Structure formats: structure tokens, C-alpha cells
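So this one's protein_17.txt, compact mmCIF, C-alpha atoms:
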```
# COMPACT_ATOMS: atom_id res chain seq x y z
CA MET A 1 241.13 204.43 -167.82
CA LYS A 2 244.74 204.02 -166.80
CA ASP A 3 246.38 201.10 -164.94
CA THR A 4 246.25 202.83 -161.59
CA GLU A 5 242.58 203.70 -161.91
CA LEU A 6 241.62 200.15 -162.84
CA CYS A 7 243.71 198.80 -159.95
CA ALA A 8 242.01 201.20 -157.56
CA TYR A 9 238.53 200.10 -158.68
CA LEU A 10 239.43 196.43 -158.38
CA GLN A 11 241.60 196.90 -155.28
CA ILE A 12 244.45 194.91 -156.75
CA GLU A 13 248.14 195.69 -157.08
CA VAL A 14 249.68 196.65 -160.40
CA ARG A 15 251.78 193.48 -160.48
CA VAL A 16 248.54 191.44 -160.27
CA LEU A 17 247.19 193.43 -163.21
CA ASP A 18 250.44 192.78 -165.10
CA LEU A 19 249.97 189.07 -164.53
CA TRP A 20 246.41 189.18 -165.80
CA VAL A 21 247.48 191.05 -168.91
CA GLN A 22 250.33 188.57 -169.41
CA GLN A 23 247.83 185.70 -169.23
CA ARG A 24 245.63 187.66 -171.65
CA TRP A 25 242.74 187.53 -169.18
CA LEU A 26 242.66 191.27 -169.79
CA VAL A 27 243.64 192.75 -173.13
CA PRO A 28 244.07 196.52 -172.88
CA GLU A 29 243.88 198.81 -175.84
CA GLU A 30 247.26 200.22 -176.83
CA ARG A 31 247.13 203.98 -177.20
CA GLY A 32 250.38 205.78 -177.90
CA GLY A 33 252.37 203.08 -176.16
CA MET A 34 250.14 203.32 -173.09
CA ARG A 35 247.69 200.74 -171.85
CA GLU A 36 244.11 201.95 -171.90
CA PHE A 37 241.40 200.00 -170.08
CA HIS A 38 237.64 200.29 -170.55
CA ASN A 39 234.55 199.57 -168.49
CA ALA A 40 234.36 196.18 -170.18
CA ASP A 41 237.81 195.37 -168.75
CA LEU A 42 236.68 196.52 -165.32
CA ALA A 43 233.63 194.24 -165.49
CA ARG A 44 235.91 191.43 -166.66
CA GLY A 45 238.27 192.10 -163.77
CA ARG A 46 235.37 191.79 -161.33
CA LEU A 47 234.50 188.43 -162.82
CA ILE A 48 238.13 187.27 -162.39
CA LEU A 49 238.04 188.42 -158.76
CA ASP A 50 234.79 186.52 -158.20
CA LEU A 51 236.35 183.39 -159.67
CA ILE A 52 239.60 183.44 -157.71
CA GLY A 53 238.02 184.81 -154.53
CA PRO A 54 234.74 183.49 -153.18
CA MET A 55 234.29 180.89 -155.92
CA GLY A 56 237.64 179.27 -155.20
CA VAL A 57 238.84 178.78 -158.79
CA ASN A 58 242.62 178.51 -159.18
CA GLU A 59 244.76 180.21 -161.79
CA ASP A 60 244.53 177.39 -164.32
CA GLY A 61 240.80 177.24 -163.77
CA VAL A 62 240.45 180.95 -164.52
CA ASP A 63 242.46 180.41 -167.69
CA VAL A 64 240.09 177.68 -168.86
CA ALA A 65 236.99 179.61 -167.81
CA MET A 66 237.97 182.85 -169.55
CA ASN A 67 238.94 181.04 -172.72
CA LEU A 68 235.64 179.17 -172.87
CA LEU A 69 233.74 182.31 -171.94
CA ASP A 70 235.28 184.20 -174.86
CA GLN A 71 234.31 181.37 -177.17
CA VAL A 72 230.75 181.41 -175.80
CA HIS A 73 230.46 185.13 -176.45
CA ALA A 74 231.88 184.84 -179.94
CA LEU A 75 229.43 182.03 -180.70
CA ARG A 76 226.54 183.96 -179.19
CA GLY A 77 227.50 186.89 -181.40
CA LYS A 78 227.52 184.72 -184.52
CA LEU A 79 224.25 183.09 -183.54
CA ALA A 80 222.64 186.48 -182.93
CA GLU A 81 223.78 187.68 -186.37
CA LEU A 82 222.54 184.52 -188.02
CA VAL A 83 219.14 184.68 -186.32
CA ALA A 84 218.84 188.39 -187.13
CA ALA A 85 219.60 187.65 -190.78
CA LEU A 86 217.07 184.81 -190.88
CA ARG A 87 214.41 187.05 -189.42
CA GLU A 88 214.87 189.35 -192.42
CA GLU A 89 213.95 186.48 -194.74
CA GLU A 90 210.41 185.64 -195.76
CA LEU A 91 208.42 183.50 -193.37
CA GLU A 92 208.45 180.61 -195.88
CA VAL A 93 212.25 180.58 -195.91
CA GLN A 94 212.41 180.78 -192.13
CA LYS A 95 210.04 177.85 -191.80
CA ARG A 96 211.96 175.78 -194.34
CA ILE A 97 215.23 176.30 -192.54
CA LEU A 98 213.66 175.58 -189.18
CA SER A 99 212.16 172.35 -190.50
CA ARG A 100 215.66 171.17 -191.43
CA ILE A 101 217.02 171.64 -187.92
CA ASP A 102 213.91 170.83 -185.92
CA PHE A 103 213.99 167.18 -184.95
CA GLU A 104 210.56 167.07 -183.34
CA MET B 1 216.47 190.45 -149.98
CA SER B 2 214.24 189.91 -147.03
CA ARG B 3 214.63 186.15 -147.10
CA ASP B 4 216.55 184.37 -144.42
CA PRO B 5 220.19 184.12 -145.58
CA TYR B 6 220.43 180.54 -144.30
CA GLU B 7 217.43 179.67 -146.44
CA THR B 8 218.91 181.49 -149.44
CA LEU B 9 222.10 179.46 -149.24
CA GLY B 10 220.19 176.29 -148.28
CA VAL B 11 222.20 175.61 -145.12
CA SER B 12 221.12 174.96 -141.54
CA ARG B 13 221.58 177.58 -138.86
CA ASP B 14 224.42 175.62 -137.26
CA ALA B 15 226.28 175.13 -140.55
CA SER B 16 230.07 175.50 -140.30
CA GLN B 17 231.87 178.26 -142.20
CA LYS B 18 233.12 175.58 -144.56
CA ASP B 19 229.57 174.39 -145.26
CA ILE B 20 228.52 177.96 -145.98
CA GLN B 21 231.43 178.50 -148.35
CA SER B 22 230.78 175.32 -150.29
CA ALA B 23 227.03 176.07 -150.49
CA TYR B 24 227.86 179.51 -151.88
CA ARG B 25 230.31 178.11 -154.42
CA LYS B 26 227.77 175.63 -155.71
CA LEU B 27 225.14 178.33 -156.13
CA ALA B 28 227.53 180.93 -157.56
CA LYS B 29 228.72 178.53 -160.25
CA ASN B 30 225.12 178.08 -161.35
CA LEU B 31 224.00 181.67 -160.92
CA HIS B 32 226.92 184.01 -161.70
CA PRO B 33 225.57 186.24 -164.50
CA ASP B 34 228.86 186.01 -166.39
CA LEU B 35 228.68 182.25 -166.39
CA ASN B 36 225.06 182.46 -167.59
CA PRO B 37 225.24 185.09 -170.32
CA GLY B 38 221.74 184.41 -171.63
CA ASP B 39 219.88 184.16 -168.33
CA LYS B 40 218.40 187.54 -167.44
CA ALA B 41 217.10 186.30 -164.08
CA ALA B 42 220.54 185.10 -162.99
CA GLU B 43 221.61 188.56 -161.86
CA GLU B 44 218.84 189.01 -159.26
CA LYS B 45 219.35 185.53 -157.89
CA PHE B 46 223.12 185.94 -157.73
CA LYS B 47 222.70 189.23 -155.88
CA GLY B 48 220.61 187.52 -153.22
CA VAL B 49 223.08 184.68 -152.84
CA SER B 50 226.05 187.08 -152.67
CA ALA B 51 224.35 189.22 -150.03
CA ALA B 52 223.54 186.13 -147.95
CA TYR B 53 227.12 184.90 -148.28
CA SER B 54 228.67 188.25 -147.40
CA LEU B 55 226.59 188.23 -144.21
CA LEU B 56 227.16 184.64 -143.15
CA SER B 57 230.82 184.34 -144.20
CA ASP B 58 231.72 187.17 -141.83
CA GLU B 59 231.58 185.54 -138.40
CA GLU B 60 231.02 188.84 -136.61
CA LYS B 61 228.10 189.78 -138.85
CA ARG B 62 226.73 186.26 -138.65
CA LYS B 63 226.71 186.37 -134.83
CA LYS B 64 224.99 189.74 -134.89
CA PHE B 65 222.38 188.40 -137.31
CA ASP B 66 221.83 185.30 -135.15
CA ARG B 67 221.27 187.52 -132.13
CA GLY B 68 218.80 189.58 -134.15
CA GLU B 69 220.92 192.74 -133.99
CA ILE B 70 220.97 193.18 -137.76
CA ASP B 71 218.51 191.91 -140.32
CA ALA B 72 219.22 190.31 -143.65
CA THR B 73 219.07 193.64 -145.45
CA GLY B 74 222.10 194.76 -143.40
CA ALA B 75 224.21 192.67 -145.71
CA GLU B 76 223.01 194.34 -148.87
CA THR B 77 225.81 196.82 -149.04
CA ALA B 78 227.23 195.54 -152.33
CA PRO B 79 227.13 198.43 -154.81
CA PRO B 80 225.37 197.81 -158.11
CA ARG B 81 227.74 196.55 -160.77
CA ASP B 82 227.67 195.72 -164.39
CA TYR B 83 228.76 192.34 -165.65
CA TYR B 84 231.14 191.47 -168.42
CA ARG B 85 228.36 189.75 -170.34
CA ASP B 86 226.70 193.13 -170.93
CA TYR B 87 229.76 194.39 -172.78
CA ALA B 88 230.52 191.15 -174.59
CA SER B 89 226.95 190.72 -175.84
CA HIS B 90 226.85 194.28 -177.13
CA GLY B 91 230.04 193.79 -179.08
CA SER B 92 231.61 196.72 -177.28
CA THR B 93 234.95 195.14 -176.49
CA GLY B 94 236.39 196.18 -179.82
CA GLY B 95 237.09 192.56 -180.70
CA ARG B 96 239.89 192.35 -178.13
CA TYR B 97 238.46 189.25 -176.53
CA GLU B 98 236.91 187.64 -179.55
CA ASN B 99 237.98 184.08 -180.02
CA ARG B 100 237.24 183.11 -183.59
CA SER B 101 239.69 180.30 -184.15
CA ALA B 102 237.52 178.16 -181.93
CA PHE B 103 234.93 177.60 -184.63
CA SER B 104 236.89 178.24 -187.78
CA ASP B 105 235.94 174.69 -188.76
CA PHE B 106 232.47 176.03 -189.56
CA GLY B 107 233.99 178.20 -192.20
CA ASP B 108 236.30 175.59 -193.67
CA ALA B 109 234.09 174.76 -196.58
CA ASP B 110 234.65 176.81 -199.66
CA ASP B 111 231.15 178.29 -199.54
CA VAL B 112 229.30 181.50 -198.81
CA PHE B 113 229.60 180.94 -195.06
CA SER B 114 233.38 180.80 -194.87
CA SER B 115 233.72 184.53 -194.50
CA PHE B 116 230.85 184.74 -192.02
CA PHE B 117 232.75 182.64 -189.50
CA SER B 118 236.15 184.14 -190.07
CA ARG B 119 235.30 187.81 -189.71
CA ARG B 120 234.73 189.71 -186.55
CA ASN B 121 231.27 189.85 -185.01
CA ARG B 122 229.33 192.92 -185.95
CA PRO B 123 228.73 195.20 -183.00
CA GLN B 124 225.11 195.85 -182.19
CA GLY B 125 223.49 199.24 -182.54
CA PRO B 126 223.57 201.92 -179.84
CA ILE B 127 222.30 200.73 -176.49
CA LYS B 128 221.43 202.88 -173.52
CA GLY B 129 223.69 202.49 -170.50
CA ARG B 130 222.45 201.02 -167.27
CA ASP B 131 220.83 203.02 -164.56
CA ALA B 132 223.03 203.52 -161.53
CA HIS B 133 221.42 203.16 -158.11
CA TYR B 134 222.33 205.23 -155.11
CA ALA B 135 220.90 205.80 -151.67
CA MET B 136 220.80 209.04 -149.76
CA GLU B 137 219.51 210.23 -146.40
CA VAL B 138 217.95 213.66 -146.00
CA ASP B 139 216.61 215.51 -142.99
CA PHE B 140 212.88 215.58 -142.49
CA LEU B 141 212.56 219.33 -143.00
CA GLU B 142 214.76 219.25 -146.11
CA ALA B 143 212.41 216.66 -147.58
CA VAL B 144 209.30 218.65 -146.65
CA ASN B 145 210.49 222.04 -147.82
CA GLY B 146 212.93 221.01 -150.55
CA ALA B 147 216.69 221.46 -150.51
CA LYS B 148 219.76 221.53 -152.69
CA LYS B 149 222.26 218.79 -151.88
CA LYS B 150 225.71 218.16 -153.28
CA ILE B 151 226.42 214.55 -154.00
CA THR B 152 229.61 212.94 -155.18
CA LEU B 153 229.28 210.00 -157.54
CA PRO B 154 231.70 207.09 -157.27
CA ASP B 155 233.65 208.38 -160.27
CA GLY B 156 234.36 211.62 -158.42
CA THR B 157 231.97 213.95 -160.23
CA ALA B 158 230.03 216.24 -157.93
CA LEU B 159 226.40 216.91 -158.71
CA ASP B 160 223.82 219.35 -157.43
CA LEU B 161 220.77 217.37 -156.49
CA GLN B 162 217.52 219.24 -156.06
CA ILE B 163 215.38 217.53 -153.43
CA PRO B 164 211.89 218.69 -154.41
CA ALA B 165 209.61 219.99 -151.66
CA GLY B 166 207.33 217.20 -150.51
CA THR B 167 209.79 214.37 -151.05
CA ARG B 168 208.69 211.32 -149.09
CA ASP B 169 210.61 208.53 -147.44
CA GLY B 170 211.29 205.76 -149.96
CA GLN B 171 210.88 208.00 -152.99
CA THR B 172 213.34 207.67 -155.87
CA LEU B 173 214.81 210.68 -157.64
CA ARG B 174 216.07 210.35 -161.20
CA LEU B 175 219.03 212.22 -162.65
CA ARG B 176 218.89 211.79 -166.39
CA GLY B 177 222.09 210.74 -168.11
CA LYS B 178 224.08 210.35 -164.91
CA GLY B 179 224.14 206.54 -164.97
CA GLU B 180 226.51 204.10 -166.67
CA PRO B 181 227.84 205.05 -170.11
CA GLY B 182 225.98 203.65 -173.11
CA PHE B 183 227.25 200.98 -175.48
CA ASN B 184 228.21 201.77 -179.04
CA ASN B 185 227.47 205.48 -178.74
CA GLY B 186 224.19 204.83 -176.97
CA PRO B 187 223.05 207.42 -174.41
CA PRO B 188 224.11 206.96 -170.79
CA GLY B 189 221.65 205.53 -168.27
CA ASP B 190 220.12 207.50 -165.41
CA ALA B 191 221.16 207.82 -161.80
CA LEU B 192 218.38 206.68 -159.49
CA ILE B 193 218.63 207.91 -155.94
CA ASP B 194 216.58 206.22 -153.25
CA ILE B 195 215.76 208.76 -150.59
CA THR B 196 215.51 207.87 -146.94
CA VAL B 197 214.01 210.64 -144.82
CA ARG B 198 215.45 210.79 -141.30
CA PRO B 199 212.67 210.88 -138.72
CA HIS B 200 212.21 214.22 -136.98
CA PRO B 201 212.41 214.30 -133.16
CA ILE B 202 209.19 216.32 -132.87
CA PHE B 203 207.16 216.11 -136.08
CA LYS B 204 205.63 212.67 -136.56
CA VAL B 205 204.23 211.78 -139.97
CA ASP B 206 200.74 210.29 -140.22
CA GLY B 207 199.83 209.89 -143.88
CA ASP B 208 199.70 213.44 -145.25
CA ASP B 209 199.30 214.87 -141.75
CA VAL B 210 201.86 215.74 -139.13
CA ARG B 211 201.28 215.16 -135.42
CA TYR B 212 203.21 216.63 -132.55
CA GLU B 213 202.99 217.93 -129.04
CA VAL B 214 203.32 221.62 -128.16
CA PRO B 215 204.08 222.67 -124.58
CA ILE B 216 202.13 225.64 -123.18
CA SER B 217 202.57 227.49 -119.92
CA LEU B 218 200.11 227.38 -117.07
CA SER B 219 199.10 230.99 -117.77
CA GLU B 220 198.48 230.25 -121.45
CA ALA B 221 196.46 227.17 -120.50
CA VAL B 222 194.27 229.02 -118.02
CA LEU B 223 193.86 232.32 -119.77
CA GLY B 224 194.15 231.34 -123.42
CA GLY B 225 195.37 233.85 -125.98
CA LYS B 226 197.71 233.99 -128.95
CA ILE B 227 200.73 231.67 -128.97
CA ARG B 228 203.42 230.92 -131.58
CA VAL B 229 203.39 227.29 -132.71
CA PRO B 230 206.11 225.72 -134.88
CA THR B 231 205.03 223.89 -138.03
CA VAL B 232 207.02 222.06 -140.70
CA SER B 233 206.91 225.23 -142.81
CA GLY B 234 207.63 227.82 -140.11
CA ALA B 235 205.90 229.15 -136.99
CA VAL B 236 202.28 230.34 -137.05
CA ASN B 237 200.04 232.22 -134.60
CA VAL B 238 197.39 230.13 -132.93
CA THR B 239 194.66 231.45 -130.64
CA LEU B 240 194.07 229.31 -127.56
CA ALA B 241 190.68 229.28 -125.88
CA PRO B 242 190.77 229.95 -122.12
CA ASN B 243 191.11 226.76 -120.06
CA SER B 244 192.93 224.81 -122.81
CA ASN B 245 193.97 221.55 -121.21
CA THR B 246 196.78 219.04 -121.78
CA GLY B 247 195.69 216.53 -124.43
CA LYS B 248 193.56 219.01 -126.35
CA THR B 249 194.34 218.68 -130.04
CA LEU B 250 194.21 221.61 -132.44
CA ARG B 251 194.05 221.17 -136.19
CA LEU B 252 196.17 223.56 -138.26
CA LYS B 253 194.72 223.27 -141.73
CA GLY B 254 197.20 222.92 -144.58
CA LYS B 255 200.23 222.75 -142.29
CA GLY B 256 200.95 219.10 -143.03
CA LEU B 257 202.88 217.49 -145.89
CA HIS B 258 202.53 218.08 -149.63
CA LYS B 259 199.80 215.79 -150.91
CA HIS B 260 200.48 213.68 -153.95
CA GLY B 261 197.76 215.27 -156.04
CA GLY B 262 198.45 218.83 -154.81
CA GLY B 263 197.42 220.59 -151.63
CA HIS B 264 198.63 219.85 -148.14
CA GLY B 265 197.71 217.65 -145.21
CA ASP B 266 197.07 219.15 -141.79
CA ALA B 267 199.04 219.51 -138.60
CA PHE B 268 197.50 218.08 -135.43
CA VAL B 269 198.95 219.79 -132.43
CA THR B 270 198.38 218.30 -128.99
CA LEU B 271 198.75 220.70 -126.10
CA LYS B 272 200.77 219.86 -123.01
CA VAL B 273 200.62 222.12 -119.98
CA VAL B 274 204.06 222.59 -118.47
CA LEU B 275 204.82 224.05 -115.03
CA PRO B 276 207.77 226.44 -114.60
CA ASP B 277 211.12 224.65 -114.12
CA GLU B 278 211.75 226.36 -110.79
CA PRO B 279 209.02 226.32 -108.10
CA ASP B 280 207.41 229.75 -107.83
CA SER B 281 206.52 230.87 -104.32
CA GLU B 282 203.62 233.02 -105.45
CA LEU B 283 202.10 230.14 -107.39
CA THR B 284 202.66 227.73 -104.51
CA GLU B 285 201.00 230.17 -102.11
CA PHE B 286 198.05 230.63 -104.48
CA VAL B 287 197.48 226.92 -104.98
CA LYS B 288 197.69 226.28 -101.21
CA ASN B 289 194.83 228.69 -100.68
CA TRP B 290 192.93 227.61 -103.75
CA GLU B 291 189.78 226.09 -102.34
CA ALA B 292 188.38 224.53 -105.58
CA GLY B 293 191.76 223.00 -106.40
CA THR B 294 191.70 220.70 -103.38
CA ARG B 295 188.30 219.36 -104.42
CA HIS B 296 189.24 218.77 -108.06
CA ASP B 297 189.83 215.04 -108.61
CA PRO B 298 191.02 214.41 -112.21
CA ARG B 299 191.34 210.67 -111.45
CA LYS B 300 187.79 210.04 -110.37
CA THR B 301 186.80 208.29 -113.62
CA MET B 302 189.88 206.11 -113.73
CA GLY B 303 188.71 203.17 -111.63
CA GLY B 304 191.45 200.78 -110.63
CA GLY B 305 190.94 201.37 -106.90
CA VAL B 306 191.81 205.06 -106.86
```
Translate the structure of the given file into C-alpha cells.
Amino acid sequence: MKDTELCAYLQIEVRVLDLWVQQRWLVPEERGGMREFHNADLARGRLILDLIGPMGVNEDGVDVAMNLLDQVHALRGKLAELVAALREEELEVQKRILSRIDFE
Amino acid sequence: MSRDPYETLGVSRDASQKDIQSAYRKLAKNLHPDLNPGDKAAEEKFKGVSAAYSLLSDEEKRKKFDRGEIDATGAETAPPRDYYRDYASHGSTGGRYENRSAFSDFGDADDVFSSFFSRRNRPQGPIKGRDAHYAMEVDFLEAVNGAKKKITLPDGTALDLQIPAGTRDGQTLRLRGKGEPGFNNGPPGDALIDITVRPHPIFKVDGDDVRYEVPISLSEAVLGGKIRVPTVSGAVNVTLAPNSNTGKTLRLKGKGLHKHGGGHGDAFVTLKVVLPDEPDSELTEFVKNWEAGTRHDPRKTMGGGV
């Protein structure tokens, strides 16, 4: 979707969107020199609005939160891949690996 | 959410607006689905807390709720939404938000894992989009007999919605593929439309049956004969016995609602004798001279000192 459409959904002004993009809270896809936003960006925008609105987080707080959130998702992605790969292994291998990290 | 919004937020009924805000913030930080990417139950809980907050943070709405003018469900106007975590966890952000430098230290060692931590996460396979939920009101007769309705989805697309004959209040209609788009080329979700049937001023629903009152004239009541009676599926001829009184109930078989397993309920029609709007001199004269009428006491079995 285009800038204006995203702004309409989120009920924000374009200069607010510009600020978010500048802060890299939103990273649009570049398509022929135009910014293209996706549903993921819309959902992300709603989260930002929740944070700065009812949840009372300030601009620096949003910066920290979004940065950590992106790290969490990247880690979750890696963890999911790792677990999926381990599940492909034989049960013996899975158990051996688990025994190395299981402290109980 | 039928729970008391004060209870949901854990505040007393005389809490200040500031108390309500800080209670909401505390809960939202713990429950926001995007701050709890792995907790499936967070979404439902957050929805309840948000609805409670949107009711109590608005002083007008809060006063109305306190006076009992609206109930807690009155606050549940928030449209369904999807959360960023759904996109991030399905790897459908095209790597635009992936932050890999944060754990590049895992891949420092010159071993088989170094590339695993430095390359982009693999997107998951196709995943069906979410179902979108809508609500719609239809007239009683449209629900009984079926109807075609045009609806406009939030994205502007207009759809023809077929309300099947026999649709009941609270029923949900499903439009396949009209929900949220899928992830990674997955199919879109469905649109689910909750139907509320507006009550009809005359036809009252009683299970599969319909009950209503039908006015008849004095002549029809005394003499009987054929009369036209409306039903939910059009008027029918009914034969009245002579001397059909107010309160007499006739059963019109199969003129009720569509039954779940096929067939129809019945209509129960209660007669009500109605005098002409304008006094009629001939009738007045007749009744004055009507000997048996003066002796007829319809209240004699009532008791109560009559």
C-alpha cells in the first residue's frame, strides 16, 4: 500500500510516518523509487501507536522497544529453525543434545 | 467480555482516571501480544483489558456504564486486528526488520554454525490468513425468507452476501477466502459474519414457532368464516368458527421458522376482537336492545370483589 493509505488506516499524518521511517521503526520496501508498505508494516504501526498512546511510552522508549523486539523475532526465528532441524534428527541424537543442555 | 470492566482492570469503582490509566498500562505491558510473541493466550486477555480501558477511560461512557445505561459489551467496538508478531514469526517481512548483528557473536567461531547465524532467517511455509470478523443486522423477514445483501468490507470491496432462508439470530455466516491475506503465498482466511436479527414488531419467535396476535372484526368473531391472516411467509386463508373469541389461539401448521433438521415450526395466532374505530349507531342501537348482552358477565369468575 502507499503512504497515504497506510496513514489513513493508522490515522496519522504523513510527517509522522516520515519520522517513523527516519527512525527505522518502519522500513518500507522501495519499488521504483516509491515507498511500498505491507500489512506487516500496518500491524507494526498499530503496535507503535499502542506504545506511544495508551501505554505511555516516549519516543526513546519506542526506539528501545522496537530494537529489542526485532532482536527477539530474529532469535525466535533462529531458534525455530534450530529446533525444526533437531526434530529431523534421530531420537538418540535429540536426546543426547538435550542431555547436554538440560541441567535437571 | 461480560466481566465487570473495573474487575478486569483490578481497580475500585471510585478509582480516578489516573488510577485507571496506570492499571491499564501495567496490564498492557504484560499482555500486549506484540510484547509476548510466544503467548497465544495474550491476545484474548489483551482484548478484554483494552475493551475495559476504552470504556472506563472515556468519562462519558464510564458514567453511562455506572448508571447502568450501557453494559460492558458496549465497549467492545474495537475491530479485530492482526498483530505484528504474526508477520514477524512467519518470516513474511522480507527481512526488512531482521536484526542479525545482535547475535553475530554466536557465529564468531570458525565452525559449521557461523553461517547459520549470519544468514537471514528462512521464511516458513505457506500459512492461511486470519479469519476476519464482522457483524451485521438483518430484518426478521429477510432472515426467515432469505435475502441478498450488499456489504462493503473495510478495504472497500463490495460483496454480495446471500442470507440463507432460516437464518437465526446469533448465527455466523462464512465467506470463504474473504478474510486476511495469507502469509508466504498461503490462502486467505475467511470472513465470518455474525448475524443479529432485528426483532419484528408483530411476529414473536418462540423456538421454531412464531406467535402473534391477529385482530378480527366483531362480525368475523360472531359469524366466523374465511379471513386472510399474515404469516412470516405470506398471507394464508384461515376459516374461523362462529363465535371465535379474543384469546382463542389457532395453530397454523408449518408456518413457523425453518427447523434446523428440515421442516418448519408452526405459527400460533391469537385472535383479538376489535370494535370499529368510529361508533356505529346501528350497532349501538342493537346492543342497547340486546337482552342477553346485559346479563352476560364475563368477569364473574375473576374474584377480587367484582
*asked:* Within 7 Å of chain B, which residues belong to chain A? Use only C-alpha atoms and report them as a PyMOL selection string.
replied: chain A and resi 27+40+43-44+55+70-71+73-74+77-78
*What is the distance, in Å and to one decimal place, between CA of Lys255 in chain B and CA of Phe268 in chain B?*
8.7 Å
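Considering only C-alpha atoms, the residue among B:Met302, B:Glu142, B:Asp190, B:Val273 positioned nearest to Val232 in chain B is B:Glu142.
Distance-wise, CA of Gly61 in chain A and CA of Phe106 in chain B end up 27.1 Å apart.
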*Figure out the distance between CA of Met34 in chain A and CA of Lys2 in chain A, please, to one decimal in Å.*
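Distance between the two atoms: 8.3 Å.
Among the candidates B:Leu56, B:Ala132, B:Leu192, B:Val238, the one nearest to Ile70 in chain B when counting all atoms listed in the file is B:Leu56.
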*Top pick for closest residue to Val64 in chain A, considering A:Arg87, A:Asp18, A:Glu36, A:Trp25 and counting all atoms listed in the file*: A:Trp25
